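With TSV, C-alpha atoms inside, this is final.tsv:
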```
chain	number	residue	atom	x	y	z
J	11	MET	CA	0.00	0.00	0.00
J	12	SER	CA	1.35	3.40	-0.93
J	13	VAL	CA	1.17	6.18	1.61
J	14	PRO	CA	0.91	9.86	0.73
J	15	SER	CA	4.19	11.52	1.63
J	16	ASP	CA	4.33	14.56	3.85
J	17	LEU	CA	6.42	16.66	1.48
J	18	ARG	CA	5.89	20.33	2.28
J	19	LEU	CA	6.74	23.36	0.19
J	20	GLY	CA	9.90	23.95	2.22
J	21	ASP	CA	11.18	20.41	1.51
J	22	VAL	CA	11.03	20.79	-2.26
J	23	PHE	CA	13.83	22.02	-4.54
J	24	SER	CA	14.10	22.20	-8.31
J	25	GLY	CA	15.74	19.12	-9.80
J	26	MET	CA	14.54	16.96	-6.89
J	27	ASP	CA	13.83	13.35	-7.92
J	28	LEU	CA	10.52	11.88	-6.76
J	29	ALA	CA	10.33	8.28	-5.56
J	30	GLU	CA	9.49	5.71	-8.26
J	31	VAL	CA	6.03	4.13	-7.94
J	32	VAL	CA	5.22	0.86	-9.78
J	33	PHE	CA	1.70	-0.38	-10.61
J	34	GLY	CA	0.63	-3.70	-12.11
J	35	PRO	CA	1.39	-5.97	-13.88
J	36	LEU	CA	-1.81	-4.96	-15.64
J	37	GLU	CA	-4.41	-7.72	-15.79
J	38	ARG	CA	-7.34	-7.99	-18.19
J	39	ALA	CA	-9.58	-7.59	-15.14
J	40	ASP	CA	-7.99	-4.17	-14.43
J	41	ILE	CA	-8.94	-3.00	-17.93
J	42	VAL	CA	-12.50	-4.34	-17.55
J	43	ARG	CA	-12.84	-2.72	-14.10
J	44	TYR	CA	-11.66	0.63	-15.47
J	45	ALA	CA	-13.99	0.36	-18.49
J	46	GLY	CA	-16.94	-0.06	-16.14
J	47	ALA	CA	-15.84	2.66	-13.72
J	48	ALA	CA	-15.16	5.23	-16.44
J	49	GLY	CA	-17.90	4.23	-18.90
J	50	ASP	CA	-15.35	3.60	-21.67
J	51	PHE	CA	-16.58	0.56	-23.62
J	52	ASN	CA	-14.51	1.04	-26.76
J	53	PRO	CA	-14.13	-2.63	-27.87
J	54	ILE	CA	-10.49	-2.08	-28.83
J	55	HIS	CA	-9.73	-2.30	-25.08
J	56	LEU	CA	-11.96	-5.31	-24.36
J	57	ASP	CA	-12.25	-7.55	-27.40
J	58	ASP	CA	-9.18	-9.27	-28.94
J	59	ALA	CA	-10.98	-10.10	-32.21
J	60	TYR	CA	-12.05	-6.48	-32.64
J	61	ALA	CA	-8.53	-5.26	-31.78
J	62	ARG	CA	-7.03	-7.63	-34.40
J	63	GLY	CA	-9.45	-6.23	-36.98
J	64	ALA	CA	-8.11	-2.77	-36.13
J	65	GLY	CA	-4.51	-3.89	-36.58
J	66	ALA	CA	-3.49	-4.56	-32.95
J	67	PRO	CA	-2.41	-8.09	-31.91
J	68	THR	CA	-4.58	-8.00	-28.76
J	69	ALA	CA	-6.78	-5.61	-26.85
J	70	PHE	CA	-4.79	-2.93	-24.98
J	71	ALA	CA	-5.41	-0.55	-22.09
J	72	MET	CA	-7.18	2.77	-22.47
J	73	GLY	CA	-4.60	5.52	-21.89
J	74	MET	CA	-6.54	7.00	-19.00
J	75	LEU	CA	-5.92	3.84	-16.92
J	76	PRO	CA	-2.13	4.30	-16.61
J	77	ALA	CA	-2.80	8.08	-16.56
J	78	GLY	CA	-4.98	7.46	-13.50
J	79	TYR	CA	-2.08	5.56	-11.88
J	80	LEU	CA	0.19	8.53	-12.67
J	81	ALA	CA	-2.27	10.98	-11.08
J	82	HIS	CA	-2.21	8.70	-8.04
J	83	ALA	CA	1.62	8.74	-7.95
J	84	VAL	CA	1.83	12.55	-8.34
J	85	SER	CA	-0.82	12.97	-5.62
J	86	ASP	CA	1.11	10.72	-3.23
J	87	TRP	CA	4.36	12.61	-3.83
J	88	PHE	CA	2.77	15.80	-2.46
J	89	GLY	CA	0.52	14.72	0.40
J	90	GLY	CA	-2.63	13.90	-1.58
J	91	PRO	CA	-4.66	14.86	-4.66
J	92	GLN	CA	-6.26	17.86	-2.92
J	93	HIS	CA	-2.99	19.74	-3.60
J	94	LEU	CA	-3.11	19.29	-7.40
J	95	ARG	CA	-3.90	22.40	-9.44
J	96	ARG	CA	-3.20	21.08	-12.94
J	97	PHE	CA	-2.36	17.67	-14.41
J	98	ARG	CA	-1.51	16.96	-18.04
J	99	VAL	CA	-0.57	13.76	-19.86
J	100	ARG	CA	0.55	12.98	-23.40
J	101	PHE	CA	0.14	9.43	-24.67
J	102	LEU	CA	3.24	8.07	-26.43
J	103	THR	CA	2.56	4.39	-26.95
J	104	ARG	CA	0.06	1.66	-26.06
J	105	VAL	CA	0.08	-0.25	-22.77
J	106	TRP	CA	-0.55	-4.01	-22.93
J	107	PRO	CA	-1.93	-6.63	-20.57
J	108	GLY	CA	1.03	-7.91	-18.52
J	109	ASP	CA	2.81	-4.54	-18.49
J	110	GLU	CA	3.96	-2.89	-15.31
J	111	ILE	CA	3.54	0.88	-15.13
J	112	VAL	CA	6.65	2.56	-13.71
J	113	CYS	CA	5.99	6.16	-12.63
J	114	SER	CA	8.87	8.55	-12.02
J	115	GLY	CA	9.21	12.31	-11.84
J	116	ARG	CA	11.17	15.33	-10.76
J	117	VAL	CA	10.56	18.86	-9.59
J	118	ASP	CA	11.01	21.20	-12.54
J	119	GLU	CA	10.57	24.66	-10.99
J	120	ILE	CA	9.02	26.44	-8.04
J	121	GLU	CA	7.12	29.69	-8.50
J	122	GLY	CA	5.81	31.12	-5.25
J	123	ARG	CA	3.67	28.37	-3.72
J	124	LEU	CA	3.30	26.49	-6.99
J	125	VAL	CA	5.56	23.52	-7.76
J	126	ARG	CA	5.82	22.33	-11.35
J	127	VAL	CA	6.60	18.63	-11.76
J	128	ARG	CA	7.51	16.66	-14.87
J	129	PHE	CA	6.88	12.94	-14.94
J	130	GLU	CA	6.75	9.79	-17.05
J	131	ALA	CA	5.04	6.43	-16.96
J	132	ASP	CA	7.04	3.68	-18.65
J	133	ARG	CA	5.50	0.41	-19.75
J	134	ARG	CA	7.70	-2.51	-18.64
J	135	GLY	CA	7.01	-6.02	-19.86
J	136	PRO	CA	7.20	-8.33	-22.88
J	137	GLY	CA	4.17	-6.91	-24.76
J	138	PRO	CA	2.58	-8.92	-27.60
J	139	ARG	CA	5.28	-11.15	-29.15
J	140	GLU	CA	4.43	-10.03	-32.73
J	141	LEU	CA	5.41	-6.44	-31.97
J	142	GLU	CA	8.90	-7.19	-30.61
J	143	LEU	CA	8.67	-4.24	-28.24
J	144	PRO	CA	11.53	-3.07	-26.03
J	145	GLU	CA	11.28	-4.45	-22.49
J	146	ARG	CA	10.75	-0.90	-21.22
J	147	GLU	CA	9.71	2.32	-23.01
J	148	PRO	CA	7.99	5.61	-22.14
J	149	ALA	CA	4.20	5.31	-22.52
J	150	ILE	CA	3.11	8.65	-21.05
J	151	SER	CA	4.86	11.93	-20.39
J	152	GLY	CA	3.34	14.85	-18.56
J	153	ASP	CA	3.54	17.71	-16.14
J	154	ALA	CA	1.54	19.03	-13.23
J	155	ASP	CA	1.26	22.07	-10.98
J	156	VAL	CA	0.97	21.26	-7.30
J	157	GLU	CA	0.45	23.52	-4.29
J	158	PRO	CA	1.92	21.50	-1.42
J	159	PRO	CA	1.11	22.45	2.19
J	160	ALA	CA	3.34	25.28	3.49
M	7	MET	CA	-27.46	20.83	-37.08
M	8	ALA	CA	-24.64	20.60	-34.51
M	9	GLU	CA	-24.99	22.20	-31.10
M	10	ALA	CA	-22.28	24.49	-29.70
M	11	VAL	CA	-22.46	23.18	-26.12
M	12	ILE	CA	-23.78	20.05	-24.39
M	13	VAL	CA	-24.95	20.73	-20.84
M	14	PHE	CA	-25.20	17.66	-18.58
M	15	GLU	CA	-25.19	16.58	-14.95
M	16	LEU	CA	-22.30	14.68	-13.37
M	17	PRO	CA	-23.49	13.21	-10.07
M	18	VAL	CA	-20.56	12.52	-7.72
M	19	GLU	CA	-22.05	9.40	-6.16
M	20	ARG	CA	-20.34	7.89	-3.14
M	21	GLY	CA	-20.30	4.37	-4.62
M	22	LYS	CA	-19.05	5.67	-7.97
M	23	VAL	CA	-16.17	7.50	-6.26
M	24	ARG	CA	-15.18	4.27	-4.53
M	25	GLU	CA	-15.54	2.23	-7.74
M	26	PHE	CA	-13.42	4.69	-9.72
M	27	ALA	CA	-10.79	4.99	-6.98
M	28	LEU	CA	-10.43	1.19	-6.91
M	29	ALA	CA	-10.12	1.13	-10.72
M	30	VAL	CA	-7.06	3.45	-10.60
M	31	ALA	CA	-5.56	1.51	-7.66
M	32	GLU	CA	-6.10	4.40	-5.22
M	33	ASP	CA	-5.51	3.52	-1.61
M	34	ASN	CA	-5.64	7.02	-0.12
M	35	PRO	CA	-8.39	6.86	2.54
M	36	ILE	CA	-9.78	10.29	1.52
M	37	HIS	CA	-11.54	8.44	-1.34
M	38	TYR	CA	-13.13	5.84	0.96
M	39	ASP	CA	-13.44	7.04	4.55
M	40	ALA	CA	-15.41	10.21	5.34
M	41	ASP	CA	-13.95	10.53	8.86
M	42	GLU	CA	-10.40	10.29	7.51
M	43	ALA	CA	-11.24	12.87	4.82
M	44	ARG	CA	-12.61	15.26	7.49
M	45	ARG	CA	-9.49	14.78	9.61
M	46	ARG	CA	-7.57	16.15	6.61
M	47	GLY	CA	-9.79	19.21	6.29
M	48	LEU	CA	-12.08	17.95	3.51
M	49	PRO	CA	-15.89	18.08	3.82
M	50	ASP	CA	-16.41	14.39	2.90
M	51	ILE	CA	-14.75	11.77	0.67
M	52	VAL	CA	-13.44	13.30	-2.56
M	53	ALA	CA	-13.11	11.99	-6.11
M	54	PRO	CA	-9.69	11.04	-7.56
M	55	PRO	CA	-8.15	13.64	-9.92
M	56	THR	CA	-9.23	11.94	-13.16
M	57	PHE	CA	-12.79	11.14	-11.97
M	58	THR	CA	-14.57	13.50	-14.38
M	59	VAL	CA	-13.79	11.06	-17.21
M	60	THR	CA	-16.92	9.27	-15.90
M	61	GLN	CA	-18.75	11.91	-17.98
M	62	MET	CA	-18.69	9.15	-20.64
M	63	TRP	CA	-21.51	7.56	-18.64
M	64	GLN	CA	-23.52	10.79	-18.97
M	65	VAL	CA	-22.64	11.64	-22.58
M	66	PRO	CA	-21.41	8.57	-24.48
M	67	ARG	CA	-19.22	9.04	-27.53
M	68	GLU	CA	-22.08	8.47	-30.03
M	69	GLU	CA	-24.19	11.17	-28.40
M	70	ARG	CA	-21.26	13.57	-28.17
M	71	GLU	CA	-20.50	13.02	-31.87
M	72	ARG	CA	-24.12	13.40	-32.93
M	73	ARG	CA	-24.65	16.61	-30.95
M	74	LEU	CA	-21.28	18.40	-31.35
M	75	GLY	CA	-20.67	17.07	-34.86
M	76	ALA	CA	-16.86	16.76	-34.95
M	77	ASN	CA	-17.38	14.02	-37.53
M	78	LEU	CA	-14.18	12.10	-36.71
M	79	ALA	CA	-13.29	8.78	-38.37
M	80	TYR	CA	-12.97	6.82	-35.11
M	81	GLU	CA	-11.15	3.85	-36.64
M	82	ARG	CA	-8.20	6.28	-37.12
M	83	VAL	CA	-8.53	8.21	-33.86
M	84	LEU	CA	-6.06	8.12	-30.96
M	85	HIS	CA	-6.30	9.79	-27.56
M	86	GLY	CA	-3.34	12.18	-27.80
M	87	GLU	CA	-3.48	14.27	-24.67
M	88	GLN	CA	-5.54	14.98	-21.56
M	89	GLU	CA	-5.33	17.90	-19.14
M	90	PHE	CA	-7.23	18.85	-15.98
M	91	PHE	CA	-7.33	22.17	-14.11
M	92	TYR	CA	-8.45	21.98	-10.48
M	93	ARG	CA	-9.99	24.59	-8.18
M	94	ARG	CA	-10.82	21.71	-5.83
M	95	LEU	CA	-11.72	18.01	-6.07
M	96	PRO	CA	-15.37	16.94	-6.50
M	97	VAL	CA	-16.98	15.94	-3.18
M	98	ALA	CA	-19.22	12.87	-2.75
M	99	GLY	CA	-22.89	13.79	-2.74
M	100	GLU	CA	-22.73	16.86	-4.96
M	101	VAL	CA	-24.01	17.07	-8.52
M	102	LEU	CA	-21.74	18.95	-10.91
M	103	THR	CA	-22.98	20.61	-14.07
M	104	GLY	CA	-20.79	19.93	-17.10
M	105	ARG	CA	-20.59	22.11	-20.18
M	106	MET	CA	-18.83	20.42	-23.09
M	107	ARG	CA	-17.79	22.05	-26.35
M	108	ILE	CA	-15.20	21.71	-29.08
M	109	ALA	CA	-12.45	24.10	-27.97
M	110	SER	CA	-10.24	23.69	-31.03
M	111	ASP	CA	-10.19	21.75	-34.28
M	112	VAL	CA	-7.02	22.13	-36.32
M	113	THR	CA	-5.27	20.22	-39.08
M	114	LYS	CA	-1.51	19.67	-38.86
M	115	ARG	CA	0.98	17.93	-41.07
M	116	GLY	CA	1.48	14.43	-39.67
M	117	ARG	CA	4.93	13.03	-38.91
M	118	ARG	CA	4.60	10.51	-41.75
M	119	GLY	CA	3.07	13.00	-44.18
M	120	GLY	CA	-0.63	13.54	-44.73
M	121	ALA	CA	-2.92	15.76	-42.72
M	122	MET	CA	-3.57	14.95	-39.06
M	123	ARG	CA	-6.65	16.48	-37.46
M	124	VAL	CA	-6.41	17.45	-33.78
M	125	VAL	CA	-9.69	18.05	-31.95
M	126	THR	CA	-9.84	19.24	-28.33
M	127	TYR	CA	-13.05	18.91	-26.33
M	128	GLU	CA	-13.34	21.13	-23.27
M	129	SER	CA	-15.61	20.23	-20.35
M	130	VAL	CA	-16.10	22.74	-17.56
M	131	PHE	CA	-17.62	21.32	-14.37
M	132	SER	CA	-19.24	23.72	-11.92
M	133	ASP	CA	-20.97	23.22	-8.58
M	134	ALA	CA	-24.40	24.17	-7.22
M	135	SER	CA	-23.25	27.78	-6.63
M	136	GLY	CA	-22.08	28.03	-10.23
M	137	ASP	CA	-18.38	28.06	-9.27
M	138	GLU	CA	-15.95	26.16	-11.47
M	139	VAL	CA	-14.55	22.99	-9.86
M	140	VAL	CA	-12.63	21.18	-12.61
M	141	ARG	CA	-11.92	21.93	-16.26
M	142	ALA	CA	-10.91	19.06	-18.53
M	143	LEU	CA	-9.34	19.09	-22.00
M	144	TYR	CA	-9.64	15.89	-24.02
M	145	THR	CA	-7.55	15.86	-27.20
M	146	LEU	CA	-8.09	13.36	-30.00
M	147	MET	CA	-5.85	12.89	-33.04
M	148	GLU	CA	-7.28	11.64	-36.31
M	149	LEU	CA	-4.51	10.04	-38.34
M	150	PRO	CA	-4.50	10.36	-42.13
M	151	PRO	CA	-6.07	7.43	-44.02
M	152	SER	CA	-3.40	4.81	-44.76
```
Rewrite the structure from the file as structure tokens, please.
Amino acid sequence: MSVPSDLRLGDVFSGMDLAEVVFGPLERADIVRYAGAAGDFNPIHLDDAYARGAGAPTAFAMGMLPAGYLAHAVSDWFGGPQHLRRFRVRFLTRVWPGDEIVCSGRVDEIEGRLVRVRFEADRRGPGPRELELPEREPAISGDADVEPPA
Amino acid sequence: MAEAVIVFELPVERGKVREFALAVAEDNPIHYDADEARRRGLPDIVAPPTFTVTQMWQVPREERERRLGANLAYERVLHGEQEFFYRRLPVAGEVLTGRMRIASDVTKRGRRGGAMRVVTYESVFSDASGDEVVRALYTLMELPPS
């Protein structure tokens, strides 16, 4: 179980590395659970035959699932999600069943009470054999503005 | 005839907050335990930061497409980017009002040649007093036909 850290504004400096957080490995059930929770029933995430018809070897995760893990990691770095002011993600590649999601980040700059963070989520795992993917690659990059407690 | 804005309700139901929090592997008690949330200065349990994506339950893709009329070829569409701006987190029990529109629709040259269309939907969620709570930008990329 992860525990929100007690990082306060005074503890933070630019260039500071934030502790790596790992989620997964992603199971099919995690994708189904997220589909139901979010209301995202795009069959490309749920149905292998449909995914193959669309040119993917198997169904793959909706980007907002690992993005949700990232929001969780960023929130925990700074004492909880109530301190987030902005959160942005860019999707770089697909995330597959069996992948672990490795979240890492660093403090970019501090402006007054606002801390800007840059972060990544890497997918780590074999991926579908046909694609011959690297064992680990960036799947999401992003940045956030956080207002940690003083 | 396309509409400029879709107005809809987003109820922040207690069970839905819990269900969504579990789906993104949240273990922070402020999403599950009202007493713990109050101990941390919050009025009740709060929704995780990406919770407003549950707007898909209120306005599914087909309805959004029919009413806003972006006319995207979904077999070539990827989710490119997502951004949220927070005044505060949604609190269990409240009903937010969402206003969704197409904020931008531009065509760029794709990396592999051909025109790539980039459409950003903006949803602004406000509370019962009319104050903004969360603003979400959802950006889709339509790749050129292969």
Subject >> Å distance separating CA of Glu87 in chain M from CA of Thr103 in chain J, one decimal place >> reply: 11.8 Å
**OP:** Show which residues sit within 9 Å of range 137-152 of chain J, as a VMD selection string. Count only C-alpha atoms, and ignore same-chain residues fewer than 4 positions away.
**Re:** chain J and resid 67 to 68 73 76 to 77 80 97 to 109 111 127 to 133
Original post:
Expressed in Å to a single decimal, how great is the separation between CA of Asp155 in chain J and CA of Arg141 in chain M?
Top reply: 14.2 Å
Original post:
Got a sec: who's within 10 Å of Phe91 in chain M, counting only C-alpha atoms, leaving out chain neighbours fewer than 6 positions off, as a count of residues only?
Top reply: 15
**OP:** Could you list the residues in chain M lying within 8 Å of chain J, using all atoms listed in the file, and format the result as a VMD selection string?
**Re:** chain M and resid 22 25 to 26 29 to 34 54 to 57 59 to 63 66 81 85 to 95
**OP:** Could you tell me which of J:Asp16, J:Asp57, J:Glu37, J:Asp21 comes closest to Glu110 in chain J if we count all atoms listed in the file?
**Re:**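 The shortest atom-to-atom distance to Glu110 in chain J comes from J:Glu37.
The spacing separating CA of Ser152 in chain M from CA of Ala66 in chain J amounts to 15.1 Å.
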Original post:
With all atoms listed in the file as the basis for distance, which of M:Pro96, M:Gly75, M:Pro49, M:Gly119 is at the shortest distance from Ala8 in chain M?
Top reply: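 Once distances to Ala8 in chain M are computed over all atoms listed in the file, the minimum belongs to M:Gly75.
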Centre and edge lengths of an axis-aligned box around all listed atoms of range 56-73 of chain J, with 3 Å added on each side, are to be given in Å to one decimal, as AutoDock Vina command-line options.
```
--center_x -7.3 --center_y -2.3 --center_z -29.4 --size_x 15.8 --size_y 21.6 --size_z 21.1
```
Test item: residues at most 9 Å from Gly120 in chain M, all atoms listed in the file, excluding those fewer than 5 positions along its chain, as a compact mmCIF listing (two decimals) with C-alpha atoms, keeping the file's coordinate frame:
```
# COMPACT_ATOMS: atom_id res chain seq x y z
CA LYS M 114 -1.51 19.67 -38.86
CA ARG M 115 0.98 17.93 -41.07
CA LEU M 149 -4.51 10.04 -38.34
CA PRO M 150 -4.50 10.36 -42.13
CA PRO M 151 -6.07 7.43 -44.02
```
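When the distance limit is 8 Å and only C-alpha atoms are what count, the residues near Ala76 in chain M, minus those fewer than 4 positions from it on the same chain, are Glu71, Ile108 and Val125 of chain M.
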